[in-house]
Amino acid sequence: MYDLIIVGAGIAGMSAAIYGLRAGRSVLLLEEKGYGGQMVSALEVENYPGIPRISGYELSENLYQQVSALKGEIKYEKVLKIQEDGKKKKVVTNRAEYLCNCVILATGAKNRPLGIDREKELTGAGVSYCATCDGAFFRGKDVAVVGGGNTALEDVNFLSNYCHMVYLIHRRDTFRGEERLVHNLQAKKNVAFILESEVVALIGKEHVEAVKVVHRQTGEERILSVAALFVAIGQMPDNTAFENVVEVDKTGYIIAGEDCKTRTRGIYTAGDCRTKTVRQLATAAADGAVAALAAAAELSERSLKS
Ligand code: NAP
């Protein structure tokens, strides 16, 4: 029996754990994979307030150390469902069942696939969703990145340091990502922008050898010989397991405002998995704090009443 169970050990979940533990609550963090979430694949983080520059991995380690120092418990289990059990919640995982008073869903988001033929088949054979994890395999080669947000721009920057040529394929002619990053890339000789274009096919028998790109206005087709395609077209949530206790919008994000409250009393949500306009490390950490303190306040209120 825990005061608080947090689902997901990314920055939102670990921040929630820190605030929950510091509020004197018993906390269990449940994480399906490794702690850190999306942050781990960020090579450099330069916009986390108070830390001019840090790798995503190091930031994640620091958070983990903070949780551990407060005696926070992390179990690596996949949460399958949450059931209401009177005033308590039952959290069912692939290994066990846990009872708690409050839950914070901090499930983050996973990489969005392009949705083209053979994408799944060639994942790991030239198709990648993580430039910092897989980029080194393509040293000296030509590669392409698809997307127009900060992730795509940062991936291109990273890859351009050791790939021969990096093509940035984006479906529009303006970018969602930061101007400053775009300017940096424009100055690089081994970066080429292929704008208003879409990747329509992956070419190669056992691994990626080229991609077919179509210009959206003219319909002109182009084959780019590349050894890898890095897909960086944003994230999508995966909250289907919790739809019995929370409301999700049409894209699957848990509906909650800045107070991080869901439609079910005692269930909160934090970070990229909830409806919000700004998805940054700083806003995810802030959500973790808000959700944990709201849960702690709810528990104090409940104990005053009983
Ligand atoms: P994002 O900002 O949502 O950008 C996704 C990009 O992919 C957009 O340019 C979008 O094009 C394009 N796209 C979406 N679906 C597509 C499709 N089916 N085919 C082709 N292109 C498609 O995603 P993100 O770059 O992963 O960033 C997510 C969040 O994390 C953002 O808030 C971002 O600022 C933040 N982030 C911050 C940092 C940092 O501050 N260091 C680093 C990485 C990410 P359109 O523009 O045409 O919609």
# chains A, B, ... in the order shown; residues from 1 in each chain; ligands from 1
$ closest_atom_pairs --of "chain A" --to "ligand 1" --cutoff "6 Å" --atoms "only C-alpha atoms and all ligand atoms" --output "Markdown table"
| residue | atom | partner | partner_atom_place_in_ligand_line | distance |
| --- | --- | --- | --- | --- |
| A:Val45 | CA | ligand 1 | 41 (N) | 5.2 |
| A:Asn47 | CA | ligand 1 | 40 (O) | 5.9 |
| A:Leu114 | CA | ligand 1 | 18 (N) | 5.1 |
| A:Gly147 | CA | ligand 1 | 7 (O) | 3.9 |
| A:Gly148 | CA | ligand 1 | 9 (O) | 3.1 |
| A:Gly149 | CA | ligand 1 | 25 (O) | 3.4 |
| A:Asn150 | CA | ligand 1 | 25 (O) | 4.1 |
| A:Thr151 | CA | ligand 1 | 25 (O) | 3.8 |
| A:Ala152 | CA | ligand 1 | 25 (O) | 5.6 |
| A:Arg171 | CA | ligand 1 | 21 (N) | 5.6 |
| A:Arg172 | CA | ligand 1 | 47 (O) | 5.4 |
| A:Phe175 | CA | ligand 1 | 46 (O) | 5.9 |
| A:Arg176 | CA | ligand 1 | 46 (O) | 4.9 |
| A:Ala232 | CA | ligand 1 | 26 (O) | 5.7 |
| A:Ile233 | CA | ligand 1 | 7 (O) | 3.2 |
| A:Gly234 | CA | ligand 1 | 23 (O) | 3.4 |
| A:Gln235 | CA | ligand 1 | 26 (O) | 5.9 |
| A:Val278 | CA | ligand 1 | 32 (O) | 5.5 |
| A:Arg279 | CA | ligand 1 | 32 (O) | 4.3 |
| A:Gln280 | CA | ligand 1 | 35 (C) | 5.2 |
$ write_last_selection --atoms "all heavy atoms" --output "short mmCIF file (atom, residue, chain, number, x, y, z; two decimals), in the first residue's frame"
data_model
loop_
_atom_site.label_atom_id
_atom_site.label_comp_id
_atom_site.auth_asym_id
_atom_site.auth_seq_id
_atom_site.Cartn_x
_atom_site.Cartn_y
_atom_site.Cartn_z
N VAL A 45 21.26 19.33 -23.57
CA VAL A 45 20.11 20.14 -23.16
C VAL A 45 20.68 21.50 -22.78
O VAL A 45 21.56 21.58 -21.92
CB VAL A 45 19.39 19.48 -21.96
CG1 VAL A 45 18.27 20.36 -21.45
CG2 VAL A 45 18.88 18.10 -22.34
N ASN A 47 18.46 24.32 -22.49
CA ASN A 47 17.40 25.26 -22.10
C ASN A 47 16.71 24.85 -20.81
O ASN A 47 15.58 25.23 -20.56
CB ASN A 47 16.37 25.39 -23.24
CG ASN A 47 15.78 24.06 -23.64
OD1 ASN A 47 16.08 23.04 -23.04
ND2 ASN A 47 14.94 24.07 -24.67
N LEU A 114 6.48 7.36 -39.44
CA LEU A 114 6.09 8.06 -40.67
C LEU A 114 4.86 7.42 -41.30
O LEU A 114 4.07 8.09 -41.94
CB LEU A 114 7.23 7.94 -41.68
CG LEU A 114 8.13 9.13 -41.92
CD1 LEU A 114 9.11 8.79 -43.02
CD2 LEU A 114 7.36 10.39 -42.28
N GLY A 147 11.59 15.72 -40.63
CA GLY A 147 10.94 16.45 -39.55
C GLY A 147 11.34 17.91 -39.57
O GLY A 147 12.31 18.28 -40.24
N GLY A 148 10.59 18.75 -38.87
CA GLY A 148 10.91 20.18 -38.88
C GLY A 148 10.84 20.81 -37.49
O GLY A 148 10.79 22.03 -37.36
N GLY A 149 10.87 19.96 -36.47
CA GLY A 149 10.86 20.48 -35.09
C GLY A 149 12.26 20.50 -34.50
O GLY A 149 13.25 20.21 -35.20
N ASN A 150 12.35 20.82 -33.23
CA ASN A 150 13.66 20.88 -32.58
C ASN A 150 14.40 19.55 -32.61
O ASN A 150 15.62 19.52 -32.75
CB ASN A 150 13.50 21.32 -31.12
CG ASN A 150 13.41 22.82 -31.00
OD1 ASN A 150 13.96 23.54 -31.82
ND2 ASN A 150 12.71 23.31 -30.00
N THR A 151 13.66 18.46 -32.50
CA THR A 151 14.34 17.16 -32.49
C THR A 151 15.04 16.93 -33.82
O THR A 151 16.22 16.56 -33.86
CB THR A 151 13.33 16.01 -32.22
OG1 THR A 151 12.66 16.30 -31.01
CG2 THR A 151 14.01 14.67 -32.12
N ALA A 152 14.33 17.18 -34.93
CA ALA A 152 14.93 16.97 -36.25
C ALA A 152 16.15 17.89 -36.43
O ALA A 152 17.21 17.45 -36.89
CB ALA A 152 13.89 17.24 -37.34
N ARG A 171 8.29 18.78 -44.58
CA ARG A 171 7.12 18.91 -45.47
C ARG A 171 6.70 20.36 -45.74
O ARG A 171 5.86 20.60 -46.59
CB ARG A 171 5.97 18.11 -44.90
CG ARG A 171 5.42 18.60 -43.56
CD ARG A 171 4.35 17.65 -43.05
NE ARG A 171 3.85 18.08 -41.75
CZ ARG A 171 2.97 17.38 -41.06
NH1 ARG A 171 2.51 16.25 -41.52
NH2 ARG A 171 2.55 17.82 -39.90
N ARG A 172 7.25 21.30 -44.96
CA ARG A 172 6.92 22.72 -45.21
C ARG A 172 8.20 23.50 -45.51
O ARG A 172 9.29 22.92 -45.49
CB ARG A 172 6.23 23.32 -43.98
CG ARG A 172 4.87 22.68 -43.73
CD ARG A 172 4.10 23.39 -42.65
NE ARG A 172 4.74 23.35 -41.35
CZ ARG A 172 5.04 24.40 -40.62
NH1 ARG A 172 4.80 25.62 -41.07
NH2 ARG A 172 5.61 24.27 -39.43
N PHE A 175 10.10 26.22 -40.32
CA PHE A 175 10.32 25.20 -39.30
C PHE A 175 9.56 25.50 -38.02
O PHE A 175 9.36 26.66 -37.65
CB PHE A 175 11.83 25.10 -38.99
CG PHE A 175 12.60 24.51 -40.13
CD1 PHE A 175 13.17 25.33 -41.10
CD2 PHE A 175 12.71 23.13 -40.25
CE1 PHE A 175 13.85 24.78 -42.17
CE2 PHE A 175 13.40 22.58 -41.32
CZ PHE A 175 13.97 23.40 -42.27
N ARG A 176 9.21 24.41 -37.35
CA ARG A 176 8.58 24.52 -36.04
C ARG A 176 9.67 24.74 -34.97
O ARG A 176 9.43 25.33 -33.93
CB ARG A 176 7.88 23.19 -35.77
CG ARG A 176 6.73 23.24 -34.83
CD ARG A 176 6.07 21.89 -34.84
NE ARG A 176 5.11 21.75 -35.92
CZ ARG A 176 3.84 22.11 -35.82
NH1 ARG A 176 3.38 22.58 -34.69
NH2 ARG A 176 3.01 21.96 -36.83
N ALA A 232 12.09 12.00 -37.20
CA ALA A 232 11.96 12.88 -36.02
C ALA A 232 10.73 13.77 -36.24
O ALA A 232 10.84 14.99 -36.37
CB ALA A 232 13.23 13.72 -35.86
N ILE A 233 9.58 13.13 -36.30
CA ILE A 233 8.36 13.88 -36.63
C ILE A 233 7.41 13.99 -35.43
O ILE A 233 6.20 14.03 -35.59
CB ILE A 233 7.64 13.26 -37.85
CG1 ILE A 233 7.24 11.80 -37.57
CG2 ILE A 233 8.52 13.35 -39.10
CD1 ILE A 233 6.24 11.26 -38.60
N GLY A 234 8.00 14.05 -34.28
CA GLY A 234 7.19 14.27 -33.09
C GLY A 234 6.83 12.98 -32.36
O GLY A 234 7.31 11.90 -32.72
N GLN A 235 6.03 13.14 -31.36
CA GLN A 235 5.69 12.01 -30.51
C GLN A 235 4.18 11.79 -30.49
O GLN A 235 3.42 12.65 -30.90
CB GLN A 235 6.16 12.27 -29.07
CG GLN A 235 7.64 12.11 -28.86
CD GLN A 235 8.41 13.32 -29.29
OE1 GLN A 235 7.94 14.44 -29.10
NE2 GLN A 235 9.56 13.12 -29.89
N VAL A 278 2.91 23.49 -24.53
CA VAL A 278 4.38 23.51 -24.52
C VAL A 278 4.89 22.22 -23.88
O VAL A 278 4.63 21.96 -22.70
CB VAL A 278 4.92 24.73 -23.75
CG1 VAL A 278 6.44 24.74 -23.77
CG2 VAL A 278 4.39 26.02 -24.37
N ARG A 279 5.58 21.40 -24.68
CA ARG A 279 6.14 20.16 -24.15
C ARG A 279 7.67 20.30 -24.10
O ARG A 279 8.35 20.11 -25.11
CB ARG A 279 5.72 18.96 -25.01
CG ARG A 279 4.24 18.66 -24.90
CD ARG A 279 3.82 17.30 -25.45
NE ARG A 279 2.44 17.05 -25.08
CZ ARG A 279 1.39 17.46 -25.78
NH1 ARG A 279 1.57 18.13 -26.89
NH2 ARG A 279 0.17 17.21 -25.36
N GLN A 280 8.16 20.66 -22.95
CA GLN A 280 9.58 20.86 -22.73
C GLN A 280 9.96 20.14 -21.43
O GLN A 280 9.09 19.82 -20.62
CB GLN A 280 9.87 22.36 -22.56
CG GLN A 280 9.61 23.19 -23.80
CD GLN A 280 10.70 23.04 -24.84
OE1 GLN A 280 11.88 23.16 -24.54
NE2 GLN A 280 10.32 22.76 -26.07
#
$ select_by_dssp --residues "segment 114-261 of chain A" --states "alpha helix (DSSP H)" --output "number ranges by chain"
A: 131-134, 150-160, 179-186
$ residues_around --residues "segment 78-85 of chain A" --least-positions-apart "3" --cutoff "6 Å" --atoms "only C-alpha atoms" --output "list in words"
Glu32, Lys88, Lys89, Lys90, Val91, Val92, Thr93, Asn94 and Ala241 of chain A
$ write_last_selection --atoms "N, CA and C atoms" --output "PDB file, in the first residue's frame"
ATOM      1  N   GLU A  32       8.186   1.041 -17.370  1.00  0.00           N
ATOM      2  CA  GLU A  32       8.232  -0.149 -18.228  1.00  0.00           C
ATOM      3  C   GLU A  32       9.662  -0.437 -18.709  1.00  0.00           C
ATOM      4  N   LYS A  88      -9.471   3.717  -2.700  1.00  0.00           N
ATOM      5  CA  LYS A  88      -8.113   3.379  -3.131  1.00  0.00           C
ATOM      6  C   LYS A  88      -8.089   3.070  -4.637  1.00  0.00           C
ATOM      7  N   LYS A  89      -6.876   3.004  -5.148  1.00  0.00           N
ATOM      8  CA  LYS A  89      -6.703   2.621  -6.555  1.00  0.00           C
ATOM      9  C   LYS A  89      -5.877   1.351  -6.580  1.00  0.00           C
ATOM     10  N   LYS A  90      -6.260   0.463  -7.484  1.00  0.00           N
ATOM     11  CA  LYS A  90      -5.461  -0.750  -7.668  1.00  0.00           C
ATOM     12  C   LYS A  90      -4.715  -0.609  -8.989  1.00  0.00           C
ATOM     13  N   VAL A  91      -3.393  -0.703  -8.904  1.00  0.00           N
ATOM     14  CA  VAL A  91      -2.574  -0.594 -10.119  1.00  0.00           C
ATOM     15  C   VAL A  91      -2.092  -1.995 -10.483  1.00  0.00           C
ATOM     16  N   VAL A  92      -2.514  -2.458 -11.641  1.00  0.00           N
ATOM     17  CA  VAL A  92      -2.187  -3.823 -12.066  1.00  0.00           C
ATOM     18  C   VAL A  92      -1.054  -3.754 -13.090  1.00  0.00           C
ATOM     19  N   THR A  93       0.020  -4.480 -12.820  1.00  0.00           N
ATOM     20  CA  THR A  93       1.147  -4.497 -13.767  1.00  0.00           C
ATOM     21  C   THR A  93       1.283  -5.905 -14.357  1.00  0.00           C
ATOM     22  N   ASN A  94       2.273  -6.083 -15.203  1.00  0.00           N
ATOM     23  CA  ASN A  94       2.510  -7.417 -15.773  1.00  0.00           C
ATOM     24  C   ASN A  94       3.047  -8.389 -14.720  1.00  0.00           C
ATOM     25  N   ALA A 241      -4.494   2.221 -22.030  1.00  0.00           N
ATOM     26  CA  ALA A 241      -4.724   1.375 -20.845  1.00  0.00           C
ATOM     27  C   ALA A 241      -5.472   2.120 -19.733  1.00  0.00           C
TER      28      ALA A 241
END
$ atom_distance --atom1 "atom CA of Ile104 of chain A" --atom2 "atom CA of Ser41 of chain A"
23.6 Å
$ select_by_dssp --residues "segment 246-291 of chain A" --states "strand (DSSP E or B)" --output "list in words"
Val248, Ile254, Lys261, Ile267, Tyr268, Thr269 and Arg274 of chain A
$ closest_residue --among "A:Val182, A:Cys100, A:Leu105, A:Cys273" --to "Gly8 of chain A" --atoms "only C-alpha atoms"
A:Leu105
$ residues_around --residues "segment 61-67 of chain A" --least-positions-apart "3" --cutoff "9 Å" --atoms "only C-alpha atoms" --output "list of chain:residue names"
A:Ala9, A:Ile11, A:Met14, A:Ser15, A:Ala17, A:Ile18, A:Leu21, A:Tyr35, A:Gly36, A:Gly56, A:Tyr57, A:Glu58, A:Leu70, A:Lys71, A:Gly72, A:Glu73, A:Ile74
$ atom_distance --atom1 "atom CA of Val7 of chain A" --atom2 "atom CA of Glu298 of chain A"
18.3 Å
$ residues_around --residues "Tyr129 of chain A" --least-positions-apart "2" --cutoff "8 Å" --atoms "only C-alpha atoms" --output "ChimeraX atom specification"
/A:111,127,131,230-232
$ residues_around --residues "segment 267-270 of chain A" --least-positions-apart "2" --cutoff "7 Å" --atoms "only C-alpha atoms" --output "list in words"
Ala12, Cys102, Val103, Ile104, Leu105, Ala106, Cys260, Lys261, Thr262, Thr264, Arg265, Asp272, Cys273, Arg274, Ala284, Asp287, Gly288 and Ala291 of chain A
$ closest_residue --among "A:Ser300, A:Ser225, A:Thr123, A:Gln38" --to "Glu206 of chain A" --atoms "only C-alpha atoms"
A:Thr123
$ atom_distance --atom1 "atom CA of Phe158 of chain A" --atom2 "atom CA of Glu220 of chain A"
29.0 Å
$ residues_around --residues "Lys33 of chain A" --least-positions-apart "2" --cutoff "8 Å" --atoms "only C-alpha atoms" --output "CSV table (one decimal) with C-alpha atoms, in the first residue's frame"
chain,number,residue,atom,x,y,z
A,31,GLU,CA,8.5,2.2,-15.3
A,35,TYR,CA,14.3,5.6,-16.3
A,76,TYR,CA,10.4,-1.9,-13.8
A,77,GLU,CA,7.0,-3.2,-14.6
$ closest_residue --among "A:Arg22, A:Lys189, A:Lys212, A:Arg263" --to "Asp117 of chain A" --atoms "only C-alpha atoms"
A:Lys212
$ closest_residue --among "A:Asp155, A:Gly50, A:Val208, A:Val27" --to "Leu99 of chain A" --atoms "only C-alpha atoms"
A:Val27
